[in-house]
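Below: one structure, written as C-alpha cells.
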Amino acid sequence: MPVITAPHGFNEDDLYVDLRSIVGHPLYLKCEGFNFAGSIKLKAATEMVEAAERDGTLTPGSVLVESSSGNLGVALSMIAASKGYRFLCVTDPRCNLSTRLLMEALGSQVHTITEPDANDGFLGARINYIRGLCASDDRYVWLNQYTNPGNWKAHYRTTAPAIARQFPRLDVLFVGAGTTGTLMGCARYFQDWHRPVQVVAVDSVGSVTFGGAPGRRMIPGLGMSVRPPLLDESHVDEVVLVQEADTIRTCHRLARSGFLFGGSTGTVVSGATGWLAQHDAGELTAVAIAPDLGERYLDTIYQTNWLHDLYGHDVLDSDQLTARSRAA
C-alpha cells in the first residue's frame, strides 16, 4: 500500500487498456490520468519545479507563473499548494471551465487572455503577457514548458522506460504533440534503446507544429500556434494529423464502451487507428499514450449543445470510428 505525504508522490504508471475490441486494431493505450493532477503533465511539472528549486531559481518568496491550456496548470497548482508557492496560470478561452475552477480550488490565480496575438494566436498572447509580468517583478518565476528541457527529460526518465518494461517487443508508439515534451522524451529514449521502435507523432489539423496551415482549434491539449522550440523532427518517424470532428467521434466511441477519456486521448487514438488501418498491423505491438481522462471535458466534448454549435448536428451521426486523419 503506497503512503504519501505530498500529492505528486503518487502516479499510476503501469495501467494499459487493450483497445482491439473497440477500434478493431491491435492497440494498447497507456493511461496517464491516474494521479492527483489527473494527467501526464504531473511528470513534467514535478521535474521542472524540482530543477528550479535545485538551481536556486525558485525560492520561498517566488511566484510561479506559466502558460497552460489546462492540464499543466492543474499539475502546477497542485504542486504549488503542496510546497507553499503562489501560482498564476495564464490561459485562454479554450481552457475548460472545470479546469479553471479546479486550479482556483487549489489556491491558484487564473488569468484568461481574451484577445489572440495577430501573428501567434492565443499562445503568443499568453507568452507576451508572462514576459511583461516577469519584466515588471522579479518575484515571478516562469518555468516555460515550451523551452524547458525538464519537460522532455521527465518522459525520457519515466514514461518511455515504463512502456519499455511492459512491451519489450514494441514496434510502434503513438504520441500526441503539444509542447512536444512527451514526444521528444519518448522518441529520444527509444532511439537510444536496444531495438528500433517507430515513433508516430499525432497532431491536430490547424496546428502549425509540423508545418501545417494554422486553423481553428477548440479542443485544448494538442497542437500549437507557433512551432514548439523543443521539437526535433529527426527523432520522429511519421506524423498523423487528425480533424477535431474525428477526435470527438473517437472520444464518444470510447465512452460508449465505458472509457471516458479527454480530447488529447481522442486525438491520439483516432490518429493511431487511422495509421494502423493503412498498415499491416496484425503482427505489430502498438502502444498509444493517453494523456488524461474525460471528466474535465464534460462541458465541451461531451456536451451536446457545445458540439452542435461548433461542429454541426451530424458530428456524432456515425456509429463507426472514422479515420479521416492523414499522414503528413
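Ligands are numbered from 1 in the order shown, chains are lettered A, B, ... in the order of the C-alpha cells, and residues start at 1 in each chain.
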Discussion item. Just want the 8 Å neighbourhood of A:Ala37, counted on only C-alpha atoms, with same-chain residues fewer than 3 positions away dropped. Output as number ranges by chain.
Written reply: A: 8, 33, 41-42, 71, 74-75, 78
Picked from stretch 52-250 of chain A by DSSP as strand (DSSP E or B), as a PDB file with N, CA, C and O atoms, in the first residue's frame:
```pdb
ATOM      1  N   VAL A  63       6.885  33.596  -7.052  1.00  0.00           N
ATOM      2  CA  VAL A  63       5.528  33.383  -7.551  1.00  0.00           C
ATOM      3  C   VAL A  63       5.652  32.649  -8.883  1.00  0.00           C
ATOM      4  O   VAL A  63       6.170  33.208  -9.857  1.00  0.00           O
ATOM      5  N   LEU A  64       5.222  31.401  -8.924  1.00  0.00           N
ATOM      6  CA  LEU A  64       5.265  30.639 -10.170  1.00  0.00           C
ATOM      7  C   LEU A  64       4.268  31.218 -11.168  1.00  0.00           C
ATOM      8  O   LEU A  64       3.139  31.593 -10.800  1.00  0.00           O
ATOM      9  N   VAL A  65       4.652  31.286 -12.431  1.00  0.00           N
ATOM     10  CA  VAL A  65       3.729  31.691 -13.485  1.00  0.00           C
ATOM     11  C   VAL A  65       3.980  30.798 -14.684  1.00  0.00           C
ATOM     12  O   VAL A  65       5.131  30.439 -14.983  1.00  0.00           O
ATOM     13  N   GLU A  66       2.912  30.387 -15.337  1.00  0.00           N
ATOM     14  CA  GLU A  66       3.060  29.503 -16.500  1.00  0.00           C
ATOM     15  C   GLU A  66       1.882  29.687 -17.448  1.00  0.00           C
ATOM     16  O   GLU A  66       0.757  29.985 -17.024  1.00  0.00           O
ATOM     17  N   SER A  67       2.158  29.516 -18.727  1.00  0.00           N
ATOM     18  CA  SER A  67       1.125  29.476 -19.755  1.00  0.00           C
ATOM     19  C   SER A  67       0.659  28.039 -19.910  1.00  0.00           C
ATOM     20  O   SER A  67       1.475  27.126 -20.062  1.00  0.00           O
ATOM     21  N   ARG A  86       2.936  30.506  -4.383  1.00  0.00           N
ATOM     22  CA  ARG A  86       1.834  31.112  -5.131  1.00  0.00           C
ATOM     23  C   ARG A  86       2.005  30.739  -6.601  1.00  0.00           C
ATOM     24  O   ARG A  86       3.125  30.587  -7.087  1.00  0.00           O
ATOM     25  N   PHE A  87       0.863  30.612  -7.301  1.00  0.00           N
ATOM     26  CA  PHE A  87       0.925  30.232  -8.710  1.00  0.00           C
ATOM     27  C   PHE A  87      -0.116  30.997  -9.501  1.00  0.00           C
ATOM     28  O   PHE A  87      -1.285  31.094  -9.090  1.00  0.00           O
ATOM     29  N   LEU A  88       0.307  31.544 -10.644  1.00  0.00           N
ATOM     30  CA  LEU A  88      -0.577  32.213 -11.583  1.00  0.00           C
ATOM     31  C   LEU A  88      -0.549  31.453 -12.898  1.00  0.00           C
ATOM     32  O   LEU A  88       0.516  31.310 -13.517  1.00  0.00           O
ATOM     33  N   CYS A  89      -1.704  30.976 -13.330  1.00  0.00           N
ATOM     34  CA  CYS A  89      -1.805  30.300 -14.623  1.00  0.00           C
ATOM     35  C   CYS A  89      -2.390  31.269 -15.638  1.00  0.00           C
ATOM     36  O   CYS A  89      -3.457  31.856 -15.413  1.00  0.00           O
ATOM     37  N   VAL A  90      -1.706  31.437 -16.755  1.00  0.00           N
ATOM     38  CA  VAL A  90      -2.178  32.290 -17.842  1.00  0.00           C
ATOM     39  C   VAL A  90      -2.726  31.384 -18.933  1.00  0.00           C
ATOM     40  O   VAL A  90      -2.001  30.557 -19.503  1.00  0.00           O
ATOM     41  N   THR A  91      -4.012  31.510 -19.217  1.00  0.00           N
ATOM     42  CA  THR A  91      -4.664  30.616 -20.158  1.00  0.00           C
ATOM     43  C   THR A  91      -5.495  31.435 -21.151  1.00  0.00           C
ATOM     44  O   THR A  91      -5.325  32.656 -21.270  1.00  0.00           O
ATOM     45  N   GLN A 109      -4.240  31.466  -8.920  1.00  0.00           N
ATOM     46  CA  GLN A 109      -4.897  32.549  -9.646  1.00  0.00           C
ATOM     47  C   GLN A 109      -4.882  32.205 -11.123  1.00  0.00           C
ATOM     48  O   GLN A 109      -3.867  31.712 -11.644  1.00  0.00           O
ATOM     49  N   VAL A 110      -5.988  32.443 -11.801  1.00  0.00           N
ATOM     50  CA  VAL A 110      -6.085  32.146 -13.233  1.00  0.00           C
ATOM     51  C   VAL A 110      -6.374  33.440 -13.985  1.00  0.00           C
ATOM     52  O   VAL A 110      -7.333  34.152 -13.664  1.00  0.00           O
ATOM     53  N   HIS A 111      -5.543  33.747 -14.963  1.00  0.00           N
ATOM     54  CA  HIS A 111      -5.758  34.911 -15.823  1.00  0.00           C
ATOM     55  C   HIS A 111      -6.049  34.413 -17.238  1.00  0.00           C
ATOM     56  O   HIS A 111      -5.246  33.683 -17.818  1.00  0.00           O
ATOM     57  N   THR A 112      -7.191  34.818 -17.781  1.00  0.00           N
ATOM     58  CA  THR A 112      -7.598  34.372 -19.105  1.00  0.00           C
ATOM     59  C   THR A 112      -7.352  35.468 -20.134  1.00  0.00           C
ATOM     60  O   THR A 112      -7.908  36.569 -20.030  1.00  0.00           O
ATOM     61  N   ASP A 117      -2.893  37.075 -30.225  1.00  0.00           N
ATOM     62  CA  ASP A 117      -1.869  37.846 -30.928  1.00  0.00           C
ATOM     63  C   ASP A 117      -2.138  37.766 -32.428  1.00  0.00           C
ATOM     64  O   ASP A 117      -2.568  36.724 -32.947  1.00  0.00           O
ATOM     65  N   TYR A 140       8.397  36.849  -9.967  1.00  0.00           N
ATOM     66  CA  TYR A 140       7.774  35.881 -10.875  1.00  0.00           C
ATOM     67  C   TYR A 140       8.823  34.944 -11.456  1.00  0.00           C
ATOM     68  O   TYR A 140       9.878  35.393 -11.941  1.00  0.00           O
ATOM     69  N   VAL A 141       8.541  33.643 -11.397  1.00  0.00           N
ATOM     70  CA  VAL A 141       9.419  32.627 -11.979  1.00  0.00           C
ATOM     71  C   VAL A 141       8.622  31.873 -13.028  1.00  0.00           C
ATOM     72  O   VAL A 141       7.633  31.198 -12.716  1.00  0.00           O
ATOM     73  N   TRP A 142       9.058  32.013 -14.272  1.00  0.00           N
ATOM     74  CA  TRP A 142       8.405  31.338 -15.403  1.00  0.00           C
ATOM     75  C   TRP A 142       9.196  30.083 -15.732  1.00  0.00           C
ATOM     76  O   TRP A 142      10.333  30.159 -16.189  1.00  0.00           O
ATOM     77  N   VAL A 172       5.634   0.088 -32.546  1.00  0.00           N
ATOM     78  CA  VAL A 172       5.243   1.452 -32.893  1.00  0.00           C
ATOM     79  C   VAL A 172       4.610   2.120 -31.682  1.00  0.00           C
ATOM     80  O   VAL A 172       3.848   1.500 -30.937  1.00  0.00           O
ATOM     81  N   LEU A 173       4.978   3.390 -31.487  1.00  0.00           N
ATOM     82  CA  LEU A 173       4.464   4.186 -30.381  1.00  0.00           C
ATOM     83  C   LEU A 173       3.820   5.443 -30.950  1.00  0.00           C
ATOM     84  O   LEU A 173       4.419   6.156 -31.745  1.00  0.00           O
ATOM     85  N   PHE A 174       2.584   5.718 -30.512  1.00  0.00           N
ATOM     86  CA  PHE A 174       1.844   6.901 -30.935  1.00  0.00           C
ATOM     87  C   PHE A 174       1.821   7.909 -29.778  1.00  0.00           C
ATOM     88  O   PHE A 174       1.375   7.586 -28.681  1.00  0.00           O
ATOM     89  N   VAL A 175       2.290   9.133 -30.061  1.00  0.00           N
ATOM     90  CA  VAL A 175       2.395  10.155 -29.027  1.00  0.00           C
ATOM     91  C   VAL A 175       1.806  11.457 -29.547  1.00  0.00           C
ATOM     92  O   VAL A 175       2.149  11.905 -30.643  1.00  0.00           O
ATOM     93  N   GLY A 176       0.923  12.067 -28.755  1.00  0.00           N
ATOM     94  CA  GLY A 176       0.371  13.351 -29.138  1.00  0.00           C
ATOM     95  C   GLY A 176       1.410  14.453 -29.045  1.00  0.00           C
ATOM     96  O   GLY A 176       2.314  14.417 -28.206  1.00  0.00           O
ATOM     97  N   GLN A 198       9.224   2.484 -34.073  1.00  0.00           N
ATOM     98  CA  GLN A 198       8.732   3.561 -34.922  1.00  0.00           C
ATOM     99  C   GLN A 198       7.901   4.512 -34.068  1.00  0.00           C
ATOM    100  O   GLN A 198       6.935   4.104 -33.417  1.00  0.00           O
ATOM    101  N   VAL A 199       8.280   5.777 -34.039  1.00  0.00           N
ATOM    102  CA  VAL A 199       7.577   6.784 -33.241  1.00  0.00           C
ATOM    103  C   VAL A 199       6.735   7.642 -34.184  1.00  0.00           C
ATOM    104  O   VAL A 199       7.261   8.298 -35.083  1.00  0.00           O
ATOM    105  N   VAL A 200       5.417   7.607 -33.959  1.00  0.00           N
ATOM    106  CA  VAL A 200       4.473   8.351 -34.787  1.00  0.00           C
ATOM    107  C   VAL A 200       3.883   9.482 -33.952  1.00  0.00           C
ATOM    108  O   VAL A 200       3.259   9.237 -32.915  1.00  0.00           O
ATOM    109  N   ALA A 201       4.097  10.710 -34.396  1.00  0.00           N
ATOM    110  CA  ALA A 201       3.532  11.877 -33.720  1.00  0.00           C
ATOM    111  C   ALA A 201       2.111  12.101 -34.225  1.00  0.00           C
ATOM    112  O   ALA A 201       1.836  11.998 -35.422  1.00  0.00           O
ATOM    113  N   VAL A 202       1.199  12.422 -33.311  1.00  0.00           N
ATOM    114  CA  VAL A 202      -0.192  12.701 -33.669  1.00  0.00           C
ATOM    115  C   VAL A 202      -0.495  14.141 -33.289  1.00  0.00           C
ATOM    116  O   VAL A 202      -0.298  14.552 -32.147  1.00  0.00           O
ATOM    117  N   ASP A 203      -0.999  14.901 -34.258  1.00  0.00           N
ATOM    118  CA  ASP A 203      -1.263  16.317 -34.044  1.00  0.00           C
ATOM    119  C   ASP A 203      -2.647  16.655 -34.596  1.00  0.00           C
ATOM    120  O   ASP A 203      -3.244  15.883 -35.355  1.00  0.00           O
ATOM    121  N   SER A 204      -3.146  17.824 -34.229  1.00  0.00           N
ATOM    122  CA  SER A 204      -4.461  18.276 -34.674  1.00  0.00           C
ATOM    123  C   SER A 204      -4.347  19.090 -35.956  1.00  0.00           C
ATOM    124  O   SER A 204      -3.411  19.885 -36.122  1.00  0.00           O
ATOM    125  N   GLU A 238       7.036   9.430 -38.329  1.00  0.00           N
ATOM    126  CA  GLU A 238       5.875   9.848 -39.121  1.00  0.00           C
ATOM    127  C   GLU A 238       5.034  10.824 -38.308  1.00  0.00           C
ATOM    128  O   GLU A 238       5.121  10.869 -37.084  1.00  0.00           O
ATOM    129  N   VAL A 239       4.195  11.573 -39.034  1.00  0.00           N
ATOM    130  CA  VAL A 239       3.250  12.496 -38.404  1.00  0.00           C
ATOM    131  C   VAL A 239       1.864  12.202 -38.946  1.00  0.00           C
ATOM    132  O   VAL A 239       1.682  12.017 -40.156  1.00  0.00           O
ATOM    133  N   VAL A 240       0.880  12.140 -38.069  1.00  0.00           N
ATOM    134  CA  VAL A 240      -0.512  11.961 -38.452  1.00  0.00           C
ATOM    135  C   VAL A 240      -1.300  13.155 -37.936  1.00  0.00           C
ATOM    136  O   VAL A 240      -1.163  13.537 -36.771  1.00  0.00           O
ATOM    137  N   LEU A 241      -2.107  13.750 -38.809  1.00  0.00           N
ATOM    138  CA  LEU A 241      -2.949  14.885 -38.428  1.00  0.00           C
ATOM    139  C   LEU A 241      -4.398  14.433 -38.333  1.00  0.00           C
ATOM    140  O   LEU A 241      -4.877  13.670 -39.174  1.00  0.00           O
ATOM    141  N   VAL A 242      -5.105  14.916 -37.327  1.00  0.00           N
ATOM    142  CA  VAL A 242      -6.466  14.463 -37.048  1.00  0.00           C
ATOM    143  C   VAL A 242      -7.409  15.664 -36.990  1.00  0.00           C
ATOM    144  O   VAL A 242      -7.116  16.661 -36.324  1.00  0.00           O
TER     145      VAL A 242
END
```
Item to complete: Fewer than 2 positions away in the same chain doesn't count, so skip those; otherwise give me all residues within 12 Å of stretch 307-314 of chain A, counting only C-alpha atoms, as a list in words.
Response: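 Once the adjacent positions are removed, what remains is Arg216, Arg217, Met218, Ile219, Gln243, Glu244, Ala245, Asp246, Thr247, Ile248, Arg249, His252, Tyr297, Leu298, Asp299, Thr300, Ile301, Tyr302, Gln303, Thr304, Asn305, Leu316, Asp317, Ser318 and Asp319 of chain A.
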Item to complete: Please identify all polymer residues within 10 Å of A:Gly211, counting only C-alpha atoms, omitting same-chain residues fewer than 3 positions from it, and present them as a PyMOL selection string.
Response: chain A and resi 206-208+214+226-227+328
Worksheet item: What gap, in Å, lies between atom CA of A:Gly262 and atom CA of A:Glu295?
Response: 7.4 Å
Discussion item. From the options A:Thr158, A:Ser136, A:Thr273, A:Gln166, which residue's atoms come nearest to A:Glu47, counting only C-alpha atoms?
Written reply: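 Closest candidate: A:Thr158.
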